[in-house]
Amino acid sequence: SGNVELMATAGALLIDAAVTTTAGTATLTAGTTITSTAAGTITTTGENAADQGTAGGAVLLHSTGAGAITLLGDITASGGNTTAGTNDGGDGGVITVRNDSGSILIDDVTATGGTSAGGTAGADGTIQLSATTTIAQQAATDITAADGNLKLVSTGGDVTLNNVTNTVAIVAADLTGASSLSYTDADGLSIGMIAQAGTGNAQLAAETGIVATGADETVTVTSLTGQLTVDDVITTTSGNVELMATAGNVILTAATTAAGDDVTINSAGAIDGA
């Protein structure tokens with residue numbers, strides 16, 4: 001237990017061994033690049049306990065200067081399990097990867113709630129990715145917070161997160177500059193509102209729906225096996241919007257606007273609210 005803080009305030013940070021704390025926070029800051037090897041995992045999962053599993057600790061990776069964040073190590077901030085009784089499992093933590101002047105390439109990122117022997121699982125956490133250029137993920141990896149949130153912020157690069165095992169409940173994005181979005185989720189997904197999360201340098205404002213304000217920047221969102229629900233606005237200034245539910249319905253309860261361009265909706269089932 002306890003918090004971990006690693007800082008290279010004017011240089012690069014290499015993570016080539018495991019960083020682990022039980023329910024504590026992990027804050028890793030660099031002035032330029034942040035790189036991890038496969039062995040450089042970061043784990044803040046909560047404590048397993050008979051009476052009450054504890055919440056996963058917050059994780060922040062933050063590059064404050066020019067340089068990429070390139071990860072081959074997993075990040076896990078899941079809740080601890082409650083191994084007896086009827087109390088709920090611990091909640092998943094908030095994971096924030098933030099690059100103030102560069103790109104992000106992630107490996108597996110997991111923020112799930114802990115299990116409970118006689119109660120309900122803890123709430124899944126929030127995953128936040130913020131960069132000034134591209135945001136992407138390594139092949140054959142996944143973003144996992146099945147009942148949690150994925151908040152995306154890009155001020156100048158495409159966000160491409162299309163691995164077929166990604167699973168979150170809600171996605172929201174703020175895309176400015178030359179920033180398009182392509183996101184694929186394994187099952188049911190809502191485009192909705194995600195509240196402010198994180199503290200200190202990890203704090204990112206609330207985001208509502210998906211808004212892309214750059215020229216000719218597109219938004220593509222796909223649900224592979226469940227329902228795709230538009231609970232909050234999708235807006236592009238001059239790019240196309242494509243919504244796909246390859247094995248479910250598309251439900252539209254908020255406006256989808258592609259100023260001067262096309263909105264395309266493909267559904268294996270019904271399209272409701274269009």
# chains A, B, ... in the order shown; residues from 1 in each chain; ligands from 1
>>> residues_around(residues="range 22-25 of chain A", least_positions_apart="2", cutoff="7 Å", atoms="only C-alpha atoms", output="list in words")
Ser1, Gly2, Asn3, Val4, Thr20, Thr27, Thr44, Thr45, Gly46, Glu47, Thr54, Ala55, Gly56, Gly57, Ala58 and Val59 of chain A
>>> write_last_selection(atoms="C-alpha atoms", output="PDB file, in the first residue's frame")
ATOM      1  CA  SER A   1       0.000   0.000   0.000  1.00  0.00           C
ATOM      2  CA  GLY A   2       1.036   3.647  -0.190  1.00  0.00           C
ATOM      3  CA  ASN A   3       1.444   6.082  -3.054  1.00  0.00           C
ATOM      4  CA  VAL A   4       4.142   5.900  -5.747  1.00  0.00           C
ATOM      5  CA  THR A  20       2.797  -1.874  -7.932  1.00  0.00           C
ATOM      6  CA  THR A  27       1.923   9.222 -10.541  1.00  0.00           C
ATOM      7  CA  THR A  44      -2.890  -0.022  -8.275  1.00  0.00           C
ATOM      8  CA  THR A  45      -5.584  -2.656  -7.759  1.00  0.00           C
ATOM      9  CA  GLY A  46      -7.414  -2.507  -4.442  1.00  0.00           C
ATOM     10  CA  GLU A  47      -6.961  -4.917  -1.580  1.00  0.00           C
ATOM     11  CA  THR A  54     -10.917  -1.529  -1.439  1.00  0.00           C
ATOM     12  CA  ALA A  55     -11.016   0.742  -4.469  1.00  0.00           C
ATOM     13  CA  GLY A  56      -8.291   0.765  -7.088  1.00  0.00           C
ATOM     14  CA  GLY A  57      -5.887   3.687  -6.812  1.00  0.00           C
ATOM     15  CA  ALA A  58      -5.681   6.476  -9.366  1.00  0.00           C
ATOM     16  CA  VAL A  59      -2.996   6.290 -12.051  1.00  0.00           C
TER      17      VAL A  59
END
>>> select_by_dssp(residues="range 30-229 of chain A", states="strand (DSSP E)", output="PyMOL selection string")
chain A and resi 30+34-36+42-43+59-63+69-71+75-76+94-99+104-106+109-110+126-131+135-137+143-154+159-161+167-175+181-185+189-191+193-194+207-208+210-212+219-223+228-229
>>> closest_residue(among="A:Gln203, A:Thr64, A:Thr120, A:Gln137", to="Ile95 in chain A", atoms="only C-alpha atoms")
A:Gln203
>>> residues_around(residues="Thr37 in chain A", least_positions_apart="3", cutoff="9 Å", atoms="only C-alpha atoms", output="list in words")
Leu14, Ile15, Asp16, Ala17, Gly40, Thr41, Thr70, Leu71, Leu72 and Gly73 of chain A
>>> write_last_selection(atoms="C-alpha atoms", output="tab-separated table (two decimals), in the first residue's frame")
chain	number	residue	atom	x	y	z
A	14	LEU	CA	11.61	4.56	-18.93
A	15	ILE	CA	9.47	2.03	-17.05
A	16	ASP	CA	11.08	-1.40	-17.42
A	17	ALA	CA	10.02	-3.04	-14.15
A	40	GLY	CA	6.91	-2.14	-17.03
A	41	THR	CA	3.39	-2.71	-15.79
A	70	THR	CA	4.63	4.77	-25.83
A	71	LEU	CA	3.53	1.89	-23.63
A	72	LEU	CA	4.09	-1.85	-23.88
A	73	GLY	CA	3.21	-2.46	-20.23
>>> atom_distance(atom1="CA of Ala202 in chain A", atom2="CA of Gly122 in chain A")
22.1 Å
>>> atom_distance(atom1="CA of Thr76 in chain A", atom2="CA of Gly226 in chain A")
25.1 Å
>>> residues_around(residues="range 161-175 of chain A", least_positions_apart="5", cutoff="8 Å", atoms="only C-alpha atoms", output="MDAnalysis selection string")
chainID A and resid 135:137 139:156 180:194 207:214 224
>>> residues_around(residues="Gln196 in chain A", least_positions_apart="3", cutoff="7 Å", atoms="only C-alpha atoms", output="VMD selection string")
chain A and resid 203 to 206
>>> write_last_selection(atoms="N, CA and C atoms", output="PDB file, in the first residue's frame")
ATOM      1  N   GLN A 203      -6.754  15.836 -13.508  1.00  0.00           N
ATOM      2  CA  GLN A 203      -8.138  16.289 -13.593  1.00  0.00           C
ATOM      3  C   GLN A 203      -8.475  16.758 -15.005  1.00  0.00           C
ATOM      4  N   LEU A 204      -9.438  16.083 -15.603  1.00  0.00           N
ATOM      5  CA  LEU A 204      -9.946  16.477 -16.915  1.00  0.00           C
ATOM      6  C   LEU A 204     -11.420  16.834 -16.779  1.00  0.00           C
ATOM      7  N   ALA A 205     -11.808  17.898 -17.456  1.00  0.00           N
ATOM      8  CA  ALA A 205     -13.173  18.412 -17.350  1.00  0.00           C
ATOM      9  C   ALA A 205     -14.189  17.405 -17.871  1.00  0.00           C
ATOM     10  N   ALA A 206     -15.422  17.613 -17.480  1.00  0.00           N
ATOM     11  CA  ALA A 206     -16.519  16.805 -18.001  1.00  0.00           C
ATOM     12  C   ALA A 206     -16.605  16.959 -19.516  1.00  0.00           C
TER      13      ALA A 206
END
>>> residues_around(residues="His62 in chain A", least_positions_apart="3", cutoff="6 Å", atoms="only C-alpha atoms", output="list in words")
Thr29, Arg98 and Asn99 of chain A
>>> residues_around(residues="range 240-250 of chain A", least_positions_apart="3", cutoff="7 Å", atoms="only C-alpha atoms", output="number ranges by chain")
A: 218-229, 258, 261-272
>>> atom_distance(atom1="CA of Gly125 in chain A", atom2="CA of Ala254 in chain A")
24.7 Å
>>> closest_residue(among="A:Gly53, A:Gly113, A:Gly200, A:Gly273", to="Gly92 in chain A", atoms="only C-alpha atoms")
A:Gly113
